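Source file upload_9.txt; content: compact mmCIF, C-alpha atoms.
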```
# COMPACT_ATOMS: atom_id res chain seq x y z
CA MET A 1 86.38 102.25 85.80
CA LYS A 2 82.67 101.53 86.27
CA LEU A 3 81.06 101.31 89.71
CA VAL A 4 80.62 97.54 89.40
CA GLU A 5 84.29 97.13 88.53
CA LEU A 6 85.31 99.21 91.54
CA LEU A 7 83.13 97.05 93.77
CA GLU A 8 84.57 93.84 92.35
CA LYS A 9 88.18 94.93 92.90
CA LEU A 10 87.47 96.14 96.43
CA SER A 11 85.37 93.11 97.38
CA ASN A 12 88.05 90.66 96.27
CA ALA A 13 90.74 92.54 98.19
CA ASN A 14 91.50 91.40 101.74
CA GLY A 15 91.39 93.80 104.65
CA VAL A 16 90.46 92.16 107.94
CA THR A 17 90.19 94.72 110.72
CA GLY A 18 93.60 96.11 111.65
CA ARG A 19 95.16 94.87 108.40
CA GLU A 20 93.53 97.13 105.82
CA ASP A 21 96.69 97.71 103.74
CA GLU A 22 95.53 96.03 100.52
CA VAL A 23 92.25 97.93 100.48
CA ARG A 24 93.94 101.22 101.37
CA ASP A 25 96.38 100.84 98.47
CA LEU A 26 93.47 100.39 96.07
CA MET A 27 91.61 103.35 97.53
CA LYS A 28 94.69 105.56 97.13
CA GLN A 29 94.94 104.55 93.50
CA TYR A 30 91.26 105.10 92.77
CA LEU A 31 90.86 108.42 94.63
CA LYS A 32 94.10 110.13 93.64
CA PRO A 33 92.86 111.54 90.27
CA TYR A 34 89.85 113.23 91.90
CA VAL A 35 91.26 114.92 95.01
CA ASP A 36 93.70 117.74 95.76
CA GLU A 37 95.45 116.12 98.70
CA ILE A 38 95.96 112.54 99.86
CA ARG A 39 97.69 111.15 102.94
CA GLU A 40 97.65 108.35 105.49
CA ASP A 41 97.44 109.09 109.21
CA LYS A 42 99.43 107.37 111.96
CA LEU A 43 96.98 104.50 112.47
CA GLY A 44 96.20 103.89 108.80
CA ASN A 45 93.14 105.96 107.87
CA LEU A 46 93.27 107.15 104.28
CA ILE A 47 92.48 110.86 104.24
CA THR A 48 91.83 112.69 100.98
CA PHE A 49 90.73 116.28 100.48
CA LYS A 50 88.93 118.21 97.74
CA LYS A 51 89.10 121.98 98.11
CA GLY A 52 85.99 124.12 97.93
CA LYS A 53 85.42 127.82 98.47
CA LYS A 54 87.18 129.59 101.30
CA GLY A 55 84.95 129.80 104.37
CA ALA A 56 82.53 127.14 103.06
CA PRO A 57 81.51 124.25 105.35
CA THR A 58 83.59 121.09 105.47
CA VAL A 59 82.02 117.66 104.89
CA MET A 60 83.62 114.40 106.03
CA LEU A 61 82.59 111.33 104.05
CA ALA A 62 83.58 108.14 105.86
CA ALA A 63 83.64 104.62 104.43
CA HIS A 64 85.31 101.93 106.49
CA MET A 65 87.84 99.76 104.69
CA ASP A 66 87.96 96.82 107.11
CA GLU A 67 86.02 93.57 107.00
CA ILE A 68 85.09 90.94 109.55
CA GLY A 69 87.40 87.92 109.79
CA LEU A 70 89.39 85.70 112.09
CA MET A 71 92.79 85.78 113.80
CA ILE A 72 95.04 82.85 114.72
CA LYS A 73 95.46 82.50 118.48
CA ASN A 74 97.12 79.09 118.79
CA ILE A 75 98.76 76.34 116.72
CA LYS A 76 97.93 72.91 118.09
CA LYS A 77 100.46 70.05 118.21
CA LYS A 78 98.83 68.32 115.25
CA GLY A 79 98.98 71.46 113.11
CA PHE A 80 95.39 72.64 113.46
CA LEU A 81 94.88 76.37 114.01
CA GLN A 82 92.68 77.78 116.74
CA PHE A 83 91.24 81.24 116.09
CA THR A 84 89.33 84.14 117.55
CA LYS A 85 86.69 86.18 115.74
CA ILE A 86 87.36 89.74 114.58
CA GLY A 87 84.10 91.66 114.38
CA GLY A 88 80.56 90.39 114.73
CA ILE A 89 80.33 86.88 113.28
CA ASP A 90 77.58 84.33 113.89
CA ASP A 91 79.12 80.97 114.89
CA ARG A 92 76.52 79.21 112.71
CA ILE A 93 78.13 80.38 109.47
CA LEU A 94 81.71 79.34 110.23
CA LEU A 95 81.74 75.57 109.83
CA ALA A 96 83.20 74.29 106.52
CA GLN A 97 83.97 77.77 105.21
CA LYS A 98 86.95 78.10 102.88
CA VAL A 99 89.38 80.66 104.26
CA VAL A 100 92.73 82.28 103.54
CA VAL A 101 95.36 82.60 106.27
CA HIS A 102 97.53 85.65 105.59
CA THR A 103 101.09 84.88 106.67
CA ASP A 104 104.37 86.75 106.23
CA LYS A 105 105.31 84.07 103.68
CA GLY A 106 102.12 84.57 101.70
CA PRO A 107 98.49 83.38 101.75
CA LEU A 108 97.55 79.82 102.77
CA ASN A 109 94.28 78.19 101.79
CA GLY A 110 92.37 76.43 104.53
CA VAL A 111 88.98 75.27 105.73
CA VAL A 112 87.15 75.66 109.04
CA GLY A 113 86.66 72.19 110.54
CA SER A 114 85.09 70.45 113.52
CA LYS A 115 84.28 67.04 114.88
CA PRO A 116 82.63 65.10 111.98
CA VAL A 117 78.85 64.87 112.07
CA HIS A 118 79.08 61.07 111.70
CA ILE A 119 80.49 60.68 115.21
CA GLN A 120 78.60 63.44 116.96
CA THR A 121 76.06 62.47 119.57
CA GLU A 122 72.41 63.24 118.92
CA GLU A 123 72.61 66.05 121.45
CA GLU A 124 75.69 67.54 119.78
CA ARG A 125 73.93 67.62 116.41
CA LYS A 126 71.16 69.78 117.85
CA LYS A 127 73.53 72.54 118.95
CA VAL A 128 75.44 75.24 117.10
CA ILE A 129 79.13 74.44 117.41
CA ASP A 130 80.85 77.15 119.41
CA ALA A 131 83.66 78.93 117.56
CA GLU A 132 85.98 77.93 120.40
CA LYS A 133 85.57 74.28 119.33
CA LEU A 134 86.25 74.94 115.66
CA PHE A 135 89.67 75.04 114.01
CA ILE A 136 91.32 75.85 110.69
CA ASP A 137 92.96 73.06 108.70
CA VAL A 138 95.71 74.19 106.29
CA GLY A 139 96.92 70.65 105.61
CA ALA A 140 99.87 70.75 108.02
CA LYS A 141 100.81 67.41 109.59
CA ASP A 142 101.93 69.03 112.85
CA LYS A 143 102.74 72.34 114.56
CA GLU A 144 106.28 72.41 113.18
CA GLU A 145 105.09 72.08 109.60
CA ALA A 146 102.43 74.75 110.11
CA GLU A 147 105.11 77.12 111.38
CA LYS A 148 107.38 76.30 108.43
CA MET A 149 104.46 77.17 106.15
CA GLY A 150 104.51 80.61 107.77
CA VAL A 151 101.67 80.42 110.27
CA GLN A 152 102.10 82.35 113.48
CA VAL A 153 99.87 83.65 116.24
CA GLY A 154 98.27 86.94 115.15
CA ASP A 155 97.89 86.10 111.47
CA VAL A 156 94.55 87.30 110.14
CA VAL A 157 92.17 85.07 108.22
CA SER A 158 89.72 86.17 105.54
CA PHE A 159 86.87 84.30 103.91
CA ASP A 160 87.64 82.88 100.46
CA THR A 161 84.78 84.29 98.39
CA LYS A 162 85.06 85.81 94.92
CA PHE A 163 82.80 88.46 93.42
CA ALA A 164 80.12 87.15 91.03
CA ARG A 165 77.07 88.38 89.15
CA LEU A 166 73.79 86.64 89.99
CA SER A 167 71.54 88.57 87.62
CA ASN A 168 71.69 91.77 85.62
CA ASN A 169 71.83 94.07 88.67
CA VAL A 170 72.38 91.69 91.57
CA VAL A 171 75.89 90.71 92.65
CA LEU A 172 77.45 88.50 95.30
CA GLY A 173 80.72 89.06 97.11
CA LYS A 174 82.82 89.19 100.23
CA ALA A 175 83.00 92.22 102.51
CA PHE A 176 80.22 94.26 100.91
CA ASP A 177 80.14 95.68 104.44
CA ASN A 178 81.77 97.97 103.65
CA ARG A 179 83.50 97.79 100.28
CA VAL A 180 80.25 99.00 98.74
CA GLY A 181 80.56 102.18 100.79
CA CYS A 182 84.17 102.53 99.63
CA ALA A 183 83.11 102.11 95.99
CA VAL A 184 80.30 104.64 96.39
CA MET A 185 82.72 107.16 97.92
CA VAL A 186 85.24 106.78 95.08
CA GLU A 187 82.54 107.16 92.43
CA ALA A 188 81.01 110.18 94.19
CA MET A 189 84.38 111.94 94.31
CA LYS A 190 84.86 111.13 90.64
CA ARG A 191 81.58 112.83 89.75
CA LEU A 192 82.15 115.90 91.94
CA GLU A 193 83.84 118.61 89.94
CA LYS A 194 83.79 122.12 91.39
CA VAL A 195 81.97 122.27 94.71
CA ASP A 196 81.30 125.06 97.19
CA CYS A 197 82.04 123.03 100.30
CA ASN A 198 85.32 121.40 101.25
CA VAL A 199 85.18 117.60 101.16
CA TYR A 200 87.23 115.05 103.07
CA ALA A 201 86.79 111.52 101.71
CA VAL A 202 88.13 109.18 104.36
CA GLY A 203 88.70 105.44 104.21
CA THR A 204 88.55 104.47 107.88
CA ILE A 205 90.12 101.57 109.75
CA GLN A 206 88.84 99.26 112.51
CA GLU A 207 85.16 100.11 112.24
CA GLU A 208 84.10 96.54 112.94
CA VAL A 209 85.65 96.56 116.42
CA GLY A 210 84.41 99.90 117.71
CA LEU A 211 84.41 102.60 115.03
CA ARG A 212 87.98 103.44 115.99
CA GLY A 213 89.36 104.94 112.79
CA ALA A 214 86.47 107.37 112.39
CA ALA A 215 87.07 108.74 115.89
CA ILE A 216 90.69 109.71 115.29
CA ALA A 217 90.06 110.95 111.73
CA ALA A 218 87.22 113.24 112.76
CA PHE A 219 89.28 114.58 115.67
CA GLN A 220 92.00 115.62 113.21
CA LEU A 221 89.71 117.09 110.56
CA GLU A 222 87.09 118.91 112.66
CA PRO A 223 84.38 118.70 109.95
CA ASP A 224 81.15 120.69 110.03
CA VAL A 225 79.12 117.74 108.72
CA GLY A 226 79.71 113.97 108.80
CA ILE A 227 78.19 111.41 106.43
CA ALA A 228 78.98 107.72 106.76
CA LEU A 229 78.68 105.59 103.63
CA ASP A 230 78.00 102.02 104.69
CA ALA A 231 75.99 98.85 104.13
CA SER A 232 72.76 98.07 105.96
CA VAL A 233 70.63 95.01 106.61
CA ALA A 234 68.19 94.14 103.84
CA GLY A 235 65.26 92.46 105.55
CA ASP A 236 63.47 91.21 102.44
CA THR A 237 64.22 87.52 103.00
CA PRO A 238 62.12 84.67 104.45
CA GLY A 239 61.94 84.60 108.23
CA VAL A 240 62.33 88.34 108.78
CA GLY A 241 59.28 89.84 110.42
CA GLU A 242 57.68 93.11 109.32
CA GLY A 243 59.46 95.96 111.07
CA GLU A 244 62.53 93.95 112.10
CA ALA A 245 64.61 95.20 109.18
CA PRO A 246 62.45 97.32 106.87
CA ALA A 247 65.04 98.07 104.17
CA LYS A 248 64.70 96.16 100.91
CA MET A 249 67.07 95.54 98.03
CA GLY A 250 66.27 97.46 94.87
CA GLU A 251 64.31 100.26 96.56
CA GLY A 252 67.10 102.79 96.92
CA PRO A 253 69.67 103.81 99.53
CA VAL A 254 68.82 103.73 103.23
CA LEU A 255 68.90 106.85 105.42
CA THR A 256 69.42 106.13 109.10
CA VAL A 257 67.07 107.98 111.42
CA ALA A 258 68.42 106.24 114.54
CA ASP A 259 70.49 103.16 115.33
CA ALA A 260 72.32 101.80 118.38
CA GLY A 261 74.90 104.61 118.36
CA LEU A 262 73.42 107.53 116.45
CA ILE A 263 70.33 109.67 116.27
CA ALA A 264 70.83 111.39 112.92
CA HIS A 265 71.04 115.16 113.21
CA PRO A 266 67.75 116.68 111.95
CA LYS A 267 69.50 119.10 109.58
CA VAL A 268 71.60 116.31 108.04
CA LEU A 269 68.57 114.07 107.66
CA ARG A 270 66.64 116.94 106.06
CA LEU A 271 69.58 117.61 103.71
CA LEU A 272 69.59 113.98 102.58
CA ILE A 273 65.82 113.69 102.20
CA ASP A 274 65.52 117.00 100.32
CA SER A 275 68.40 116.04 98.03
CA ALA A 276 66.73 112.71 97.27
CA LYS A 277 63.34 114.25 96.57
CA GLU A 278 64.68 117.06 94.39
CA ASN A 279 66.65 114.59 92.27
CA LYS A 280 63.90 111.94 92.21
CA ILE A 281 66.12 109.39 93.95
CA PRO A 282 64.13 106.71 95.80
CA TYR A 283 65.19 106.28 99.43
CA GLN A 284 64.28 104.29 102.52
CA LEU A 285 64.23 105.36 106.17
CA GLU A 286 65.55 103.06 108.87
CA THR A 287 65.48 103.01 112.65
CA GLY A 288 65.97 100.45 115.41
CA ILE A 289 68.92 98.53 113.94
CA LYS A 290 71.17 97.20 116.73
CA GLY A 291 74.44 98.02 114.99
CA SER A 292 75.92 101.41 114.19
CA THR A 293 78.29 103.15 111.78
CA ASP A 294 81.22 105.55 111.71
CA ALA A 295 78.70 108.39 111.93
CA ALA A 296 78.14 107.56 115.59
CA ARG A 297 81.75 108.35 116.47
CA ILE A 298 82.05 111.32 114.12
CA ALA A 299 78.99 112.88 115.79
CA LEU A 300 80.65 112.80 119.24
CA THR A 301 83.98 114.31 118.18
CA ARG A 302 85.23 117.47 119.91
CA GLU A 303 82.25 119.85 120.30
CA GLY A 304 80.04 117.54 118.21
CA VAL A 305 79.50 117.08 114.47
CA PRO A 306 76.03 116.92 112.89
CA SER A 307 76.06 113.51 111.20
CA GLY A 308 74.00 111.08 109.16
CA VAL A 309 74.22 107.89 107.13
CA ILE A 310 73.66 106.85 103.53
CA ALA A 311 73.62 103.05 103.40
CA ILE A 312 73.21 100.42 100.71
CA PRO A 313 70.86 97.56 101.67
CA ALA A 314 72.55 94.16 101.40
CA ARG A 315 71.51 90.64 102.33
CA TYR A 316 73.66 88.41 104.56
CA ILE A 317 76.19 91.05 105.68
CA HIS A 318 78.66 89.89 108.35
CA SER A 319 78.88 86.53 106.62
CA PRO A 320 81.31 85.09 104.02
CA ALA A 321 79.09 86.26 101.14
CA ALA A 322 76.56 89.06 100.77
CA ILE A 323 74.22 90.12 97.99
CA LEU A 324 73.23 93.60 96.84
CA ASN A 325 71.57 95.39 93.95
CA LEU A 326 73.89 97.61 91.92
CA GLU A 327 71.06 100.09 91.31
CA ASP A 328 70.98 100.85 95.05
CA ALA A 329 74.70 101.59 94.98
CA GLU A 330 74.32 103.81 91.91
CA LYS A 331 71.52 105.76 93.56
CA ALA A 332 73.63 106.11 96.72
CA VAL A 333 76.33 107.74 94.57
CA LYS A 334 73.82 110.16 93.06
CA LEU A 335 72.42 111.03 96.49
CA THR A 336 75.89 111.59 97.96
CA VAL A 337 76.83 113.96 95.13
CA ALA A 338 73.50 115.80 95.32
CA ALA A 339 73.76 116.24 99.10
CA ILE A 340 77.32 117.56 98.97
CA ARG A 341 76.26 120.15 96.40
CA LYS A 342 73.55 121.40 98.81
CA VAL A 343 75.51 121.37 102.09
CA SER A 344 76.23 125.12 101.99
CA LYS A 345 72.49 125.85 102.01
CA TYR A 346 72.00 123.95 105.27
CA PHE A 347 75.17 124.65 107.27
```
Take the structure from the file and write it as structure tokens.
Amino acid sequence: MKLVELLEKLSNANGVTGREDEVRDLMKQYLKPYVDEIREDKLGNLITFKKGKKGAPTVMLAAHMDEIGLMIKNIKKKGFLQFTKIGGIDDRILLAQKVVVHTDKGPLNGVVGSKPVHIQTEEERKKVIDAEKLFIDVGAKDKEEAEKMGVQVGDVVSFDTKFARLSNNVVLGKAFDNRVGCAVMVEAMKRLEKVDCNVYAVGTIQEEVGLRGAAIAAFQLEPDVGIALDASVAGDTPGVGEGEAPAKMGEGPVLTVADAGLIAHPKVLRLLIDSAKENKIPYQLETGIKGSTDAARIALTREGVPSGVIAIPARYIHSPAAILNLEDAEKAVKLTVAAIRKVSKYF
């Protein structure tokens, strides 16, 4: 399966934080041929292992499987569904979005609604509608019908967006943060044959609500080096000032120098930069981004784990649809493989 096909399958899968089952099943299927061991831990992390030489350093690759979404918190008398946000979502992008409510009886199509613009006051039109005032309409006439359809408090809700090609190398899809990291990890493990170091490839859970899965996975595995594979903000769109988000689509993977939770370990950063230069892989350096990645939690595990990040720049992440350049993902795969092959020289 090609990298773009992996990304399409993973992007179309649904895995709102805490309900990553569908994505995990795909990851198991895709990784199994390329690893020596595969298991699931108690909270749902997918942990795979590729054996290297005895006494060689151990690398933990981490790609989070979860995506931002919503969760039902109340069913109103007239059948409308109130929700809470799961992960960082801008209220401005919610109104009129097509969604899927995942119930025990199966998926339900719906739309995020609000008071119609035709009857809003002039003052109301000037303001972003708070998520608390929005609701999901699944076509139920009342609460009883909504419940018969299978809706209950705690059901997760994903955005209804399907993967699509925009141009030869540019694609659009849901949950590129972080299904692109998952796809890169699978492809990297596919291309790694015999390696000196030992490699854990981990699909982590609940990254979007506090990097939780990475913390418990790293505690179990005690790696010598941690590398998070994730998406990053591409700032090459109108309205983004110079320096706010320097990464650009089409210019190679992004290496985090520092973000809100991590200062990349100098030896890991040097490993990644040297690997990129030696293999003529273009790369971008990034610092000052307010978010963080699994690497931040891996780094603080037990006695500490030298950690870094390889990210794929994408536009409009943490929204119902993002855009990325497949060449950046391909180069991220090449850099991941090259870095793993050099780990023993640095640690």
Within 12 Å of Arg125 in chain A using all atoms listed in the file, minus same-chain residues under 5 positions, as a list in words | Ser114, Lys115, Pro116, Val117, His118, Ile119 and Gln120 of chain A
Coordinates-based distance that separates CA of Ser232 in chain A from CA of Pro313 in chain A (Å, one decimal)
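According to the coordinates, CA of Pro313 in chain A and CA of Ser232 in chain A are separated by 4.7 Å.
When CA of Lys28 in chain A is paired with CA of Ile227 in chain A, their separation reads 19.8 Å.
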| task | Could you give me, as a list in words, the residues that have an atom at most 8 Å away from the point (79.7, 116.6, 101.6) in the coordinates of the file, using all atoms listed in the file? | result |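 All residues meeting the 8 Å criterion around (79.7, 116.6, 101.6) are Thr58, Val59, Met60, Leu61, Cys197, Asn198, Val199, Tyr200, Val225, Gly226, Ile227, Thr336, Val337, Ala339, Ile340, Arg341 and Val343 of chain A.
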Taking (82.4, 84.1, 106.7) in the coordinates of the supplied file, I want to know which residues reach to within 8 Å of it, counting only C-alpha atoms; could you give the answer as a list in words?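 Applying the cut-off with only C-alpha atoms, one gets Ile68, Gly69, Ile89, Ile93, Leu94, Gln97, Ser158, Phe159, His318, Ser319, Pro320 and Ala321 of chain A.
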From the list A:Glu208, A:Glu187, A:Asp328, A:Glu144, the nearest residue to Met1 in chain A using all atoms listed in the file is A:Glu187
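Look at Ile273 in chain A: the protein and nucleic acid residues within 9 Å of it, using all atoms listed in the file and passing over chain neighbours fewer than 3 places away, are Leu255, Val268, Leu269, Arg270, Ala276, Lys277, Glu278, Tyr283 and Ala339 of chain A.
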Exercise. Would you list the contacts of range 31-46 of chain A as number ranges by chain, taking every protein, DNA or RNA residue within 10 Å and counting all atoms listed in the file, but skipping same-chain residues closer than 5 positions in sequence?
Key: A: 18-21, 24-26, 51, 62-65, 185-193, 199-206, 212-214, 216-217, 220
request  = Provide the CA of Thr17 in chain A to CA of Ala218 in chain A distance in Å, to one decimal place.
outcome  =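 Computing the Euclidean distance for CA of Thr17 in chain A and CA of Ala218 in chain A yields 18.9 Å.
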### Message
Counting only C-alpha atoms, which residue out of A:Ala322, A:Leu10, A:Ala264, A:Leu108 sits closest to Pro306 in chain A?
### Response
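Ranking A:Ala322, A:Leu10, A:Ala264, A:Leu108 by distance to Pro306 in chain A, first place goes to A:Ala264.
Residue nearest Lys54 in chain A within the list A:Val195, A:Val254, A:Val309, A:Ile298: A:Val195 [criterion: smallest interatomic distance, only C-alpha atoms].
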Would you give the centre and edge lengths, in Å to one decimal, of a box along x, y and z around the listed atoms of range 173-182 of chain A, with 6 Å added to each side, as JSON?
```
{"center_x": 82.2, "center_y": 95.8, "center_z": 100.8, "size_x": 16.0, "size_y": 25.5, "size_z": 19.3}
```
Of the listed residues A:Thr103, A:Asn178, A:Ser11, A:Thr84, that which approaches Ile72 in chain A most closely, counting all atoms listed in the file |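 With all atoms listed in the file as the atom set, the closest residue is A:Thr84.
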Which is closest to Phe176 in chain A among A:Ser344, A:Gln152, A:Asn325, A:Gln29, if we use only C-alpha atoms?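 Checking each of A:Ser344, A:Gln152, A:Asn325, A:Gln29 against Phe176 in chain A, counting only C-alpha atoms, the winner is A:Asn325.
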Can you complete the atoms of range 246-257 of chain A to N, CA, C and O atoms and list them as an mmCIF file, in the frame of the given file?
```cif
data_model
loop_
_atom_site.group_PDB
_atom_site.id
_atom_site.type_symbol
_atom_site.label_atom_id
_atom_site.label_comp_id
_atom_site.auth_asym_id
_atom_site.auth_seq_id
_atom_site.Cartn_x
_atom_site.Cartn_y
_atom_site.Cartn_z
ATOM 1 N N PRO A 246 63.360 96.882 107.930
ATOM 2 C CA PRO A 246 62.450 97.320 106.870
ATOM 3 C C PRO A 246 63.094 97.573 105.506
ATOM 4 O O PRO A 246 62.386 97.608 104.499
ATOM 5 N N ALA A 247 64.392 97.754 105.441
ATOM 6 C CA ALA A 247 65.040 98.070 104.170
ATOM 7 C C ALA A 247 64.978 96.886 103.209
ATOM 8 O O ALA A 247 65.098 95.725 103.612
ATOM 9 N N LYS A 248 64.804 97.200 101.933
ATOM 10 C CA LYS A 248 64.700 96.160 100.910
ATOM 11 C C LYS A 248 65.669 96.447 99.770
ATOM 12 O O LYS A 248 65.898 97.600 99.414
ATOM 13 N N MET A 249 66.227 95.394 99.204
ATOM 14 C CA MET A 249 67.070 95.540 98.030
ATOM 15 C C MET A 249 66.272 96.070 96.852
ATOM 16 O O MET A 249 65.120 95.696 96.660
ATOM 17 N N GLY A 250 66.898 96.980 96.080
ATOM 18 C CA GLY A 250 66.270 97.460 94.870
ATOM 19 C C GLY A 250 65.349 98.641 95.055
ATOM 20 O O GLY A 250 64.753 99.122 94.082
ATOM 21 N N GLU A 251 65.218 99.141 96.298
ATOM 22 C CA GLU A 251 64.310 100.260 96.560
ATOM 23 C C GLU A 251 65.047 101.531 96.960
ATOM 24 O O GLU A 251 64.466 102.450 97.531
ATOM 25 N N GLY A 252 66.347 101.575 96.681
ATOM 26 C CA GLY A 252 67.100 102.790 96.920
ATOM 27 C C GLY A 252 67.930 102.754 98.181
ATOM 28 O O GLY A 252 67.814 101.844 99.009
ATOM 29 N N PRO A 253 68.813 103.756 98.343
ATOM 30 C CA PRO A 253 69.670 103.810 99.530
ATOM 31 C C PRO A 253 68.858 104.023 100.809
ATOM 32 O O PRO A 253 67.726 104.512 100.768
ATOM 33 N N VAL A 254 69.464 103.654 101.921
ATOM 34 C CA VAL A 254 68.820 103.730 103.230
ATOM 35 C C VAL A 254 69.383 104.922 104.007
ATOM 36 O O VAL A 254 70.603 105.089 104.094
ATOM 37 N N LEU A 255 68.500 105.729 104.569
ATOM 38 C CA LEU A 255 68.900 106.850 105.420
ATOM 39 C C LEU A 255 68.586 106.482 106.857
ATOM 40 O O LEU A 255 67.443 106.176 107.197
ATOM 41 N N THR A 256 69.613 106.487 107.698
ATOM 42 C CA THR A 256 69.420 106.130 109.100
ATOM 43 C C THR A 256 68.783 107.286 109.857
ATOM 44 O O THR A 256 69.288 108.414 109.837
ATOM 45 N N VAL A 257 67.683 107.006 110.518
ATOM 46 C CA VAL A 257 67.070 107.980 111.420
ATOM 47 C C VAL A 257 67.686 107.802 112.808
ATOM 48 O O VAL A 257 68.091 108.775 113.460
#
```
